[in-house]
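Enquirer: Have a look at this one.
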Protein chains: 2
Amino acid sequence: MLFDLHVHTEGMGLLELKKLRESGVTGICSLSFYPIKPLFPQTLIDEFRRLEEFEKLRCSMVEIEMFPAVGIHPRCIPPDYETVLEHLEANDWVAFGEIGLETGSEIEQDVLRKQLKIAITKDIPCVIHTPGGNKRKITEKTLEILKELEFPNELAVIDHTSFENLDLISKSGFWVGLTVQRGKLNSGEAVKIVREIGEDRCIVNSDAGFGHTMLDTVAETARILGKEAKKVCYENPRKFLGV
Amino acid sequence: MLFDLHVHTEGMGLLELKKLRESGVTGICSLSFYPIKPLFPQTLIDEFRRLEEFEKLRCSMVEIEMFPAVGIHPRCIPPDYETVLEHLEANDWVAFGEIGLETGSEIEQDVLRKQLKIAITKDIPCVIHTPGGNKRKITEKTLEILKELEFPNELAVIDHTSFENLDLISKSGFWVGLTVQRGKLNSGEAVKIVREIGEDRCIVNSDAGFGHTMLDTVAETARILGKEAKKVCYENPRKFLGV
């Protein structure tokens with residue numbers, strides 16, 4: 001039994017979901033992402049409904065328990081994003097994600113801050129993206145915002161950790177997200193990090209979906225990890241989500 | 001070289017698109033469909049952009065030439081659908097689809113009629129759905145609307161033909177869409193129909209995507225068809241689309 005905390009089922013076909021299940025993954029968190037910059041805030045509100053209704057059902061068809069995460073990804077900020085924030089504030093959610101900073105622009109910071117404030121009030125766990133480019137500087141900015149808001153440690157995973165920002169994230173006290181995917185960590189590197197900083201705060205995930213076609217990376221990492229896999233690839237993500 | 005006129009790439013992962021390409025399909029038409037009933041017309045406008053930008057690009061990554069079709073599917077009619085119709089009227093499109101009737105309700109008829117009128121004015125080919133349930137009666141209603149509008153024969157394919165509505169569609173003069181997929185025709189049945197009514201007006205397609213996981217059904221049907229495949233699985237759909 002494995003749990004993949006960072007998947008985008010909207011970018012996956014049913015055959016791919018089946019493959020994910022066959023690798024041993026029985027639970028996932030499917031994160032909101034719109035593959036182009038939407039022109040309308042309404043598009044995201046319907047996309048959240050799609051995750052909660054259609055995607056959850058589709059996952060259950062292949063016997064995967066899916067928990068939807070909603071929110072505004074920094075690459076998908078629509079005009080009039082306050083409409084989306086009001087919708088997030090007015091309803092109940094399992095988790096927020098994928099949220100965070102991509103370039104670190106003022107507007108991205110505003111969207112992140114406002115989502116984090118809602119998360120604090122409503123006690124919602126947040127999956128927080130760090131970008132490929134300018135990774136160290138943007139991670140520092142992200143952690144600075146979290147500190148400024150006194151964001152609870154147990155409510156955030158800082159994801160896509162690499163050797164470039166590992167020291168920052170591991171000493172921050174937040175959950176350490178280790179994404180094993182082409183262009184990110186490989187399974188050996190993820191294992192090395194778990195061994196180095198300990199299994200207690202680490203969560204391995206795949207970021208599968210859309211362009212990312214490696215589906216069994218949580219399973220692969222679990223195999224190498226051995227007995228630590230139970231925590232890092234199953235218990236920790238469920239504890240983080242509170243499920 | 002095969003062409004699949006009825007695919008929903010938004011319900012497919014990249015690995016599935018690769019499989020489709022490996023079966024011999026080099027060109028497709030990806031049809032608009034939203035897997036839940038949208039609450040906002042804006043959601044469909046962004047979805048059309050997603051098809052034209054992201055989905056087209058994703059297909060090109062696996063060397064499939066994709067032509068997007070847009071429009072309001074009868075199961076996806078949002079409130080204030082006039083906003084979508086105005087958007088369809090104001091812009092240029094390769095094709096309309098998937099449009100048609102599902103239950104045949106007044107609102108579905110209104111949405112179909114208005115889209116067909118735009119298609120006539122702008123000379124846009126239309127991929128027209130016929131439903132699983134009440135198929136014969138709804139096909140009759142669909143053909144009645146097309147007749148009432150004097151819709152040009154060459155601009156519509158009536159899709160998901162079965163033995164229940166074959167006689168109606170084959171004598172209508174429109175293109176005959178033969179969908180080979182689980183729950184629809186099998187390849188042997190599609191071949192039988194082509195042999196019966198002739199290859200000139202038939203177009204074989206898969207309706208792959210979302211729940212439909214059989215990806216290579218155009219290729220399979222082409223193999224059985226032999227020399228008629230060139231027309232039915234390549235030339236006819238391209239002629240219909242004008243590409």
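Residue numbering restarts at 1 for every chain of the structure tokens, chains are lettered A, B, ... in their displayed order, and ligands are numbered from 1 as they appear.
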Given a cut-off of 6 Å, which residues of chain A touch chain B, counting only C-alpha atoms, written out as a ChimeraX atom specification?
Expert: /A:11-13,43
Enquirer: According to DSSP computed on the backbone, where in chain A is there strand (DSSP E or B)? Give the residues as an NGL selection string.
Expert: :A and (2-7 or 25-31 or 65-70 or 95-100 or 126-129 or 156-158 or 175-180 or 185 or 202-205 or 208-209 or 212)
Enquirer: So that I have them on file, write out the residues from the current selection with N, CA and C atoms, as a compact mmCIF listing (two decimals), in the first residue's frame.
Expert:
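Result file follows (result-v7.txt):
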```
# COMPACT_ATOMS: atom_id res chain seq x y z
N LEU A 2 0.75 2.02 -1.07
CA LEU A 2 1.54 3.24 -1.20
C LEU A 2 0.59 4.43 -1.41
N PHE A 3 1.05 5.60 -1.04
CA PHE A 3 0.26 6.81 -1.22
C PHE A 3 1.10 7.83 -1.98
N ASP A 4 0.55 8.36 -3.08
CA ASP A 4 1.26 9.37 -3.88
C ASP A 4 0.59 10.72 -3.65
N LEU A 5 1.29 11.62 -2.97
CA LEU A 5 0.69 12.89 -2.54
C LEU A 5 0.63 13.95 -3.64
N HIS A 6 1.31 13.73 -4.75
CA HIS A 6 1.35 14.78 -5.77
C HIS A 6 1.15 14.17 -7.17
N VAL A 7 -0.11 14.15 -7.60
CA VAL A 7 -0.48 13.58 -8.90
C VAL A 7 -1.45 14.57 -9.54
N VAL A 25 0.17 1.75 -5.75
CA VAL A 25 -0.40 2.97 -5.17
C VAL A 25 -1.91 2.79 -4.99
N THR A 26 -2.37 2.89 -3.73
CA THR A 26 -3.80 2.71 -3.44
C THR A 26 -4.48 4.03 -3.09
N GLY A 27 -3.69 5.06 -2.79
CA GLY A 27 -4.26 6.36 -2.45
C GLY A 27 -3.44 7.47 -3.08
N ILE A 28 -4.12 8.54 -3.49
CA ILE A 28 -3.40 9.67 -4.08
C ILE A 28 -4.07 10.98 -3.67
N CYS A 29 -3.30 12.05 -3.81
CA CYS A 29 -3.90 13.37 -3.74
C CYS A 29 -3.75 13.94 -5.15
N SER A 30 -4.88 14.31 -5.79
CA SER A 30 -4.83 14.87 -7.14
C SER A 30 -4.95 16.39 -7.03
N LEU A 31 -3.91 17.07 -7.54
CA LEU A 31 -3.80 18.51 -7.33
C LEU A 31 -4.31 19.30 -8.51
N GLU A 65 -8.05 5.37 -4.06
CA GLU A 65 -8.78 6.36 -3.27
C GLU A 65 -8.13 7.72 -3.53
N MET A 66 -8.91 8.65 -4.03
CA MET A 66 -8.35 9.94 -4.41
C MET A 66 -8.86 11.05 -3.52
N PHE A 67 -7.94 11.90 -3.04
CA PHE A 67 -8.30 13.08 -2.27
C PHE A 67 -7.96 14.31 -3.12
N PRO A 68 -8.94 15.14 -3.46
CA PRO A 68 -8.66 16.28 -4.32
C PRO A 68 -8.07 17.46 -3.55
N ALA A 69 -7.09 18.09 -4.15
CA ALA A 69 -6.57 19.35 -3.60
C ALA A 69 -6.89 20.46 -4.59
N VAL A 70 -7.34 21.58 -4.08
CA VAL A 70 -7.73 22.69 -4.96
C VAL A 70 -6.89 23.93 -4.64
N ALA A 95 -7.54 19.63 0.97
CA ALA A 95 -6.19 20.21 0.91
C ALA A 95 -6.15 21.33 -0.12
N PHE A 96 -5.14 22.19 0.00
CA PHE A 96 -4.86 23.18 -1.04
C PHE A 96 -3.62 22.72 -1.81
N GLY A 97 -3.67 22.83 -3.14
CA GLY A 97 -2.50 22.50 -3.94
C GLY A 97 -2.88 22.42 -5.40
N GLU A 98 -2.05 22.58 -6.25
CA GLU A 98 -0.68 22.97 -6.07
C GLU A 98 -0.65 24.48 -6.01
N ILE A 99 -0.12 25.01 -4.89
CA ILE A 99 0.01 26.45 -4.76
C ILE A 99 1.49 26.77 -4.57
N GLY A 100 1.84 28.05 -4.59
CA GLY A 100 3.25 28.40 -4.39
C GLY A 100 3.69 29.53 -5.30
N CYS A 126 -1.43 22.22 2.92
CA CYS A 126 -1.09 22.85 1.63
C CYS A 126 0.11 22.17 0.98
N VAL A 127 -0.03 21.78 -0.27
CA VAL A 127 1.09 21.25 -1.05
C VAL A 127 1.69 22.42 -1.82
N ILE A 128 2.93 22.78 -1.45
CA ILE A 128 3.54 24.01 -1.97
C ILE A 128 4.68 23.71 -2.94
N HIS A 129 4.48 24.15 -4.16
CA HIS A 129 5.40 24.00 -5.28
C HIS A 129 6.65 24.85 -5.09
N ALA A 156 2.09 22.25 5.96
CA ALA A 156 2.67 22.51 4.63
C ALA A 156 3.74 21.50 4.26
N VAL A 157 3.66 20.99 3.03
CA VAL A 157 4.79 20.26 2.47
C VAL A 157 5.41 21.17 1.39
N ILE A 158 6.73 21.36 1.51
CA ILE A 158 7.44 22.15 0.50
C ILE A 158 7.96 21.15 -0.52
N TRP A 175 7.07 19.76 6.14
CA TRP A 175 7.26 18.48 5.47
C TRP A 175 8.14 18.68 4.24
N VAL A 176 9.00 17.71 3.97
CA VAL A 176 9.93 17.79 2.83
C VAL A 176 9.38 16.91 1.69
N GLY A 177 8.95 17.54 0.61
CA GLY A 177 8.40 16.80 -0.53
C GLY A 177 9.50 16.40 -1.50
N LEU A 178 9.60 15.10 -1.78
CA LEU A 178 10.64 14.59 -2.69
C LEU A 178 9.96 14.03 -3.93
N THR A 179 10.04 14.79 -5.02
CA THR A 179 9.39 14.39 -6.26
C THR A 179 10.35 13.60 -7.12
N VAL A 180 9.99 12.33 -7.37
CA VAL A 180 10.83 11.47 -8.21
C VAL A 180 10.19 11.40 -9.59
N LEU A 185 14.12 14.67 -9.06
CA LEU A 185 15.02 13.68 -8.43
C LEU A 185 14.86 12.32 -9.10
N CYS A 202 9.82 13.36 5.65
CA CYS A 202 9.90 13.21 4.18
C CYS A 202 8.64 12.57 3.59
N ILE A 203 8.25 13.06 2.42
CA ILE A 203 7.13 12.49 1.67
C ILE A 203 7.56 12.36 0.21
N VAL A 204 7.56 11.12 -0.29
CA VAL A 204 7.94 10.88 -1.70
C VAL A 204 6.69 10.97 -2.57
N ASN A 205 6.81 11.60 -3.74
CA ASN A 205 5.68 11.68 -4.67
C ASN A 205 6.18 11.66 -6.10
N ALA A 208 3.07 12.85 -11.28
CA ALA A 208 2.64 12.25 -12.56
C ALA A 208 1.45 13.03 -13.14
N GLY A 209 1.36 13.02 -14.45
CA GLY A 209 0.25 13.68 -15.13
C GLY A 209 0.75 14.76 -16.06
N HIS A 212 4.35 14.57 -17.39
CA HIS A 212 5.18 13.63 -16.62
C HIS A 212 4.66 12.20 -16.71
```
Enquirer: Could you pull the residues within 9 Å of Asn165 of chain B, counting only C-alpha atoms, minus those fewer than 4 positions along the same chain, as a ChimeraX atom specification?
Expert: /B:135-137,139-140,161,169-170
Enquirer: Using only C-alpha atoms for the distances, tell me which of A:Ser60, A:Ser23, A:Thr121, A:Asn236 is nearest to Thr221 of chain A.
Expert: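 Of A:Ser60, A:Ser23, A:Thr121, A:Asn236, the one nearest Thr221 of chain A, counting only C-alpha atoms, is A:Ser23.
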Enquirer: Set the distance at 9 Å and use only C-alpha atoms: which residues neighbour Glu108 of chain A once local chain neighbours fewer than 4 positions away are removed? I'd like the list as a list in words.
Expert: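 Everything that qualifies: His73, Pro74, Arg75, Ile77, Gly100, Leu101, Glu102, Thr103, Gly104, Leu112 and Arg113 of chain A.
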Enquirer: Considering only C-alpha atoms, return as a short mmCIF file (atom, residue, chain, number, x, y, z; two decimals) with C-alpha atoms, in the first residue's frame whatever protein or nucleic-acid residues lie within 7 Å of Glu199 of chain B, sequence-local ones (same chain, fewer than 3 positions apart) excluded.
Expert:
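Output contents, as saved in result_30.cif:
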```
data_model
loop_
_atom_site.label_atom_id
_atom_site.label_comp_id
_atom_site.auth_asym_id
_atom_site.auth_seq_id
_atom_site.Cartn_x
_atom_site.Cartn_y
_atom_site.Cartn_z
CA VAL B 194 -18.84 -0.32 -44.87
CA CYS B 202 -18.23 6.11 -44.16
CA GLU B 228 -11.03 0.27 -48.58
CA LYS B 231 -10.78 6.05 -47.91
CA VAL B 232 -12.69 5.18 -44.75
#
```
Enquirer: Between atom CA of Ser32 of chain A and atom CA of Ile72 of chain A, what distance in Å does the model show, to one decimal?
Expert: 7.5 Å
Enquirer: Report, in Å with one decimal, the straight-line distance from atom CA of Cys59 of chain A to atom CA of Val191 of chain A.
Expert: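 Answer for the atom CA of Cys59 of chain A to atom CA of Val191 of chain A separation: 27.9 Å.
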Enquirer: Grab the atom CA of Glu196 of chain B to atom CA of Leu166 of chain B distance for me, in Å with one decimal place.
Expert: 10.5 Å
Enquirer: I'd like the contact shell of Glu148 of chain B - 12 Å cut-off, only C-alpha atoms, skipping same-chain residues fewer than 6 positions apart - returned as a PyMOL selection string.
Expert: chain B and resi 113+116-117+141-142
Enquirer: Okay, now the selection with N, CA and C atoms, as a short mmCIF file (atom, residue, chain, number, x, y, z; two decimals), in the first residue's frame?
Expert:
```cif
data_model
loop_
_atom_site.label_atom_id
_atom_site.label_comp_id
_atom_site.auth_asym_id
_atom_site.auth_seq_id
_atom_site.Cartn_x
_atom_site.Cartn_y
_atom_site.Cartn_z
N ARG B 113 -29.52 23.62 -32.79
CA ARG B 113 -29.97 24.46 -33.92
C ARG B 113 -29.07 25.69 -34.07
N LEU B 116 -25.68 24.78 -35.43
CA LEU B 116 -25.76 24.40 -36.84
C LEU B 116 -25.91 25.64 -37.73
N LYS B 117 -26.69 26.62 -37.25
CA LYS B 117 -26.86 27.86 -38.03
C LYS B 117 -25.53 28.60 -38.18
N LYS B 141 -34.96 12.82 -34.75
CA LYS B 141 -35.11 14.24 -34.37
C LYS B 141 -33.92 15.06 -34.89
N THR B 142 -32.71 14.49 -34.75
CA THR B 142 -31.50 15.18 -35.21
C THR B 142 -31.58 15.43 -36.72
#
```
Enquirer: Report as an mmCIF file with C-alpha atoms, in the first residue's frame: the residues of segment 37-74 of chain A with a DSSP assignment of alpha helix (DSSP H), based on the backbone of this structure.
Expert:
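Okay, this is what ended up in result11.cif:
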```cif
data_model
loop_
_atom_site.group_PDB
_atom_site.id
_atom_site.type_symbol
_atom_site.label_atom_id
_atom_site.label_comp_id
_atom_site.auth_asym_id
_atom_site.auth_seq_id
_atom_site.Cartn_x
_atom_site.Cartn_y
_atom_site.Cartn_z
ATOM 1 C CA PRO A 41 -11.802 32.598 -12.634
ATOM 2 C CA GLN A 42 -14.923 30.500 -13.273
ATOM 3 C CA THR A 43 -12.792 27.974 -15.165
ATOM 4 C CA LEU A 44 -10.953 27.090 -11.959
ATOM 5 C CA ILE A 45 -14.152 26.817 -9.932
ATOM 6 C CA ASP A 46 -15.481 24.269 -12.434
ATOM 7 C CA GLU A 47 -12.100 22.549 -12.474
ATOM 8 C CA PHE A 48 -12.290 22.060 -8.684
ATOM 9 C CA ARG A 49 -15.747 20.476 -9.209
ATOM 10 C CA ARG A 50 -14.286 18.250 -11.921
ATOM 11 C CA LYS A 56 -12.550 11.025 -7.872
ATOM 12 C CA LEU A 57 -15.000 8.667 -9.589
ATOM 13 C CA ARG A 58 -12.523 7.772 -12.340
ATOM 14 C CA CYS A 59 -9.880 6.901 -9.722
ATOM 15 C CA SER A 60 -12.356 4.739 -7.815
ATOM 16 C CA MET A 61 -12.921 2.784 -11.058
#
```
Enquirer: Determine, counting only C-alpha atoms, which protein, DNA and RNA residues have an atom within 9 Å of an atom of Glu154 of chain B; residues of the same chain fewer than 3 positions away are not included. Present the result as a list in words.
Expert: Pro125, Phe151, Val157, Gly173, Phe174, Trp175 and Phe240 of chain B
Enquirer: So which one's closest to Val62 of chain A, A:Val243, A:Cys76, A:Ile193, A:Leu20? Using only C-alpha atoms, please.
Expert: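 Checking each of A:Val243, A:Cys76, A:Ile193, A:Leu20 against Val62 of chain A, counting only C-alpha atoms, the winner is A:Leu20.
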Enquirer: Which is closer to Arg195 of chain A than all the others in A:Ala229, A:Thr130, A:Gln109, A:Glu164, using only C-alpha atoms?
Expert: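 The closest residue to Arg195 of chain A is A:Ala229.
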